[in-house]
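Below is one structure, written out as structure tokens; the observations come after it.
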Amino acid sequence: MHDTVFSFHSPTEIRFGAGTLDQLHLEMPSRGWRKALVITDRGVRSSGLLEKLEETLKASEAEYRVYDGVLPNPNVHIVHEAYEIAQKFKPDVLIGFGGGSSLDTAKVVNILKSHGGHALDYEGGETVPGPCGPLLAIPTTAGTGSEVTIFAVVSDPQRHIKLTIASKNILPTLAIVDPKLTLTMPASLTAATALDALTHAVEAMTSIAAQPLVDLFCLEAIKLIFENLPKVSKHSNDLEARSKMSFASLLGGLAITNSFVGAAHSIAHALGGIYDLPHGVCCALALPAAMEFNLDYKREKYEKIAHALGASSAEGGIERIRQFIHTVEIPNALHEMGVRESDVPRIAQAAIADGSTLFNPRPLSEQDMRELVQRIF
Ligand SMILES: [Zn+2]
């Protein structure tokens with residue numbers, strides 16, 4: 001380890017545990033937060049979760065408004081719609097409440113509220129010129145880890161791409177991770193988000209920015225997902241297993257914010273931009289193929305993953321992951337999700353231009369990417 005140098009950055013304060021949301025009424029006044037704009041989606045509202053948040057906000061005596069127009073793969077128009085409300089209401093804290101889409105939307109609204117301009121102005125890495133205002137992130141899924149990441153991903157419908165904003169300045173001030181909020185997640189969402197977390201753990205551990213502290217998080221996250229996704233798929237009310245899934249998702253978020261992701265995410269971002277497909281499902285489809293492509297460049301890491309899963313070789317570990325993904329009810333190939341074969345080159349082109357490609361352990365040419373996309377078609 002004498003030649004190992006790394007830094008680890010995670011300034012977001014994390015409150016983790018079942019029932020932690022119920023304490024928000026104490027948290028708000030202690031931080032001087034009196035006006036909150038909640039950014040969420042209609043699914044969260046109809047599941048009854050928003051009511052729980054509103055209860056504790058009322059108890060805190062804070063004034064609040066709710067924007068519930070977030071959609072999966074949120075685009076820049078949604079961000080600006082929420083920003084308009086923020087401009088009128090002038091909240092002193094933004095609350096992202098929901099899955100990664102709501103949390104990412106809240107992050108971008110926070111950038112605009114703090115620095116002005118248009119969402120597209122901030123595409124890329126370290127484009128946010130300074131700190132943003134207070135942001136509270138409360139996930140209701142277990143997968144994206146967005147509550148502790150430097151990333152916000154939104155779609156540009158004009159260019160049909162998902163753009164990533166990556167900056168330490170957009171990290172939430174506080175993350176409240178209350179596994180009780182995930183109990184009502186439907187099975188398909190549970191699976192898709194869990195497979196996103198699995199992809200975060202595998203890709204962060206094998207990225208070119210991988211480091212030993214992140215490895216620990218990733219290995220633990222992978223084990224937790226393998227043990228607990230089958231449990232929560234069978235018994236959605238299993239709070240113990242749900243808590244472990246929320247913890248795995250949090251670990252994945254901490255991992256990618258320090259070590260980034262790779263080609264499976266590049267492909268998932270391309271598919272999300274062009275076809276508006278669910279992020280976690282796209283990640284899961286691309287992950288085993290990307291692992292095989294990268295194998296010889298990170299064999300030692302893949303062996304560690306394999307051992308954590310009880311397999312005796314790196315190849316065996318990849319096979320375990322492939323089979324695990326197959327046990328979850330998601331499509332097996334891109335053509336099952338309405339992707340056209342004639343679009344493979346276009347998907348590859350968008351994937352190669354995605355920032356995650358830079359962190360893939362094995363360099364990819366556009367031809368490599370095209371073959372990878374074709375393999376999962
Ligand atoms: Zn992801």
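Every chain in the structure tokens has a letter given in the order shown (A, B, ...), and although residue numbers restart at 1 in each chain, ligands are simply numbered from 1 in the order shown.
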
Dump the neighbourhood of ligand 1 as a list in words: all residues within 9 Å, distances computed on only C-alpha atoms and all ligand atoms. Gly100, Gly143, Thr144, Gly145, Ser146, Thr193, Leu195, Asp196, Ala197, Leu198, Thr199, His200, Gly253, Ile256, Val261, Ala264, His265, Ala268, His269, His279, Gly280 and Cys283 of chain A

Write out as a ChimeraX atom specification all residues of segment 32-230 of chain A that DSSP puts in strand (DSSP E) for this structure's backbone. /A:35-41,63-70,93-98,124-125,135-139,151-156,161-166,174-177

Save out the residues we just selected, C-alpha atoms, as a PDB file, in the first residue's frame.
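Everything below was put into again06.pdb:
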ATOM      1  CA  LYS A  35     -39.373  28.311   4.292  1.00  0.00           C
ATOM      2  CA  ALA A  36     -39.049  25.101   2.326  1.00  0.00           C
ATOM      3  CA  LEU A  37     -39.739  24.213  -1.290  1.00  0.00           C
ATOM      4  CA  VAL A  38     -40.335  20.473  -1.618  1.00  0.00           C
ATOM      5  CA  ILE A  39     -39.418  19.009  -5.020  1.00  0.00           C
ATOM      6  CA  THR A  40     -41.030  15.646  -5.672  1.00  0.00           C
ATOM      7  CA  ASP A  41     -43.178  13.623  -8.072  1.00  0.00           C
ATOM      8  CA  GLU A  63     -43.906  27.611   5.623  1.00  0.00           C
ATOM      9  CA  TYR A  64     -43.667  25.297   2.608  1.00  0.00           C
ATOM     10  CA  ARG A  65     -44.719  24.757  -0.986  1.00  0.00           C
ATOM     11  CA  VAL A  66     -44.693  21.542  -2.992  1.00  0.00           C
ATOM     12  CA  TYR A  67     -43.644  21.109  -6.620  1.00  0.00           C
ATOM     13  CA  ASP A  68     -44.682  17.585  -7.655  1.00  0.00           C
ATOM     14  CA  GLY A  69     -44.035  17.730 -11.405  1.00  0.00           C
ATOM     15  CA  VAL A  70     -40.799  15.688 -11.512  1.00  0.00           C
ATOM     16  CA  VAL A  93     -34.103  25.458   1.977  1.00  0.00           C
ATOM     17  CA  LEU A  94     -34.890  23.132  -0.922  1.00  0.00           C
ATOM     18  CA  ILE A  95     -36.044  19.620  -0.104  1.00  0.00           C
ATOM     19  CA  GLY A  96     -35.537  16.896  -2.718  1.00  0.00           C
ATOM     20  CA  PHE A  97     -38.014  14.160  -1.763  1.00  0.00           C
ATOM     21  CA  GLY A  98     -38.268  11.016  -3.891  1.00  0.00           C
ATOM     22  CA  GLY A 124     -19.854  18.976 -17.212  1.00  0.00           C
ATOM     23  CA  GLY A 125     -17.436  18.871 -14.310  1.00  0.00           C
ATOM     24  CA  LEU A 135     -30.382  21.452   0.334  1.00  0.00           C
ATOM     25  CA  LEU A 136     -32.047  18.603   2.180  1.00  0.00           C
ATOM     26  CA  ALA A 137     -32.144  15.282   0.324  1.00  0.00           C
ATOM     27  CA  ILE A 138     -34.617  12.615   1.419  1.00  0.00           C
ATOM     28  CA  PRO A 139     -34.599   9.468  -0.756  1.00  0.00           C
ATOM     29  CA  PHE A 151     -23.846  14.427  -9.536  1.00  0.00           C
ATOM     30  CA  ALA A 152     -27.089  15.661 -11.008  1.00  0.00           C
ATOM     31  CA  VAL A 153     -28.259  14.054 -14.240  1.00  0.00           C
ATOM     32  CA  VAL A 154     -30.965  15.736 -16.308  1.00  0.00           C
ATOM     33  CA  SER A 155     -32.111  15.293 -19.913  1.00  0.00           C
ATOM     34  CA  ASP A 156     -31.822  17.773 -22.717  1.00  0.00           C
ATOM     35  CA  ILE A 161     -28.976  13.293 -24.224  1.00  0.00           C
ATOM     36  CA  LYS A 162     -28.725  13.025 -20.476  1.00  0.00           C
ATOM     37  CA  LEU A 163     -26.241  15.553 -19.241  1.00  0.00           C
ATOM     38  CA  THR A 164     -24.330  15.231 -16.024  1.00  0.00           C
ATOM     39  CA  ILE A 165     -23.448  18.110 -13.767  1.00  0.00           C
ATOM     40  CA  ALA A 166     -20.641  17.071 -11.408  1.00  0.00           C
ATOM     41  CA  LEU A 174     -28.165  17.097   4.930  1.00  0.00           C
ATOM     42  CA  ALA A 175     -29.331  13.635   3.849  1.00  0.00           C
ATOM     43  CA  ILE A 176     -32.127  11.967   5.776  1.00  0.00           C
ATOM     44  CA  VAL A 177     -32.133   8.286   4.830  1.00  0.00           C
TER      45      VAL A 177
END

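Between Ala290 of chain A and the residues A:Ile318, A:Ile352, A:Leu24, A:Cys132, the shortest atom-to-atom distance, using only C-alpha atoms, involves A:Ile318.
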
Residue contacts of Ile222 of chain A (9 Å, only C-alpha atoms) excluding same-chain residues fewer than 6 positions away, as a PyMOL selection string: chain A and resi 197-199+201-202+248+252+305+308-309

Where in segment 136-374 of chain A does DSSP assign helix (DSSP H, G or I), given as a PyMOL selection string? chain A and resi 146-148+168-170+179-182+187-206+212-234+239-259+263-275+279-297+299-308+314-327+334-337+341-353+355-359+366-374

Determine, counting only C-alpha atoms, which protein, DNA and RNA residues have an atom within 9 Å of an atom of segment 232-245 of chain A; residues of the same chain fewer than 4 positions away are not included. Present the result as a tab-separated table (two decimals) with C-alpha atoms, in the first residue's frame.
chain	number	residue	atom	x	y	z
A	17	GLY	CA	-32.35	5.08	10.27
A	18	ALA	CA	-35.98	4.04	10.42
A	142	ALA	CA	-32.86	2.63	-2.42
A	143	GLY	CA	-30.58	2.88	-5.40
A	178	ASP	CA	-35.21	6.75	6.42
A	179	PRO	CA	-35.69	3.15	5.18
A	180	LYS	CA	-39.37	3.29	6.24
A	182	THR	CA	-38.97	2.66	0.90
A	183	LEU	CA	-41.53	0.15	2.26
A	184	THR	CA	-44.20	1.14	-0.26
A	185	MET	CA	-41.95	0.94	-3.32
A	186	PRO	CA	-43.48	-1.36	-5.96
A	187	ALA	CA	-41.45	-4.48	-6.86
A	188	SER	CA	-40.35	-3.18	-10.26
A	190	THR	CA	-37.35	-1.82	-5.93
A	191	ALA	CA	-35.53	-4.01	-8.45
A	194	ALA	CA	-31.33	-1.84	-6.42
A	197	ALA	CA	-26.88	0.58	-6.65
A	221	ALA	CA	-22.89	-2.84	-0.82
A	224	LEU	CA	-25.96	-6.46	1.06
A	225	ILE	CA	-27.77	-6.23	-2.28
A	227	GLU	CA	-28.58	-10.89	0.43
A	228	ASN	CA	-31.46	-8.44	0.69
A	249	SER	CA	-27.57	2.50	-1.73
A	250	LEU	CA	-25.94	5.07	0.56
A	328	VAL	CA	-35.01	-10.10	-11.02

Find the residues around Leu53 of chain A up to 8 Å (only C-alpha atoms counted), leave out those fewer than 4 positions away in its own chain, and share them as a PyMOL selection string. chain A and resi 21+49+57
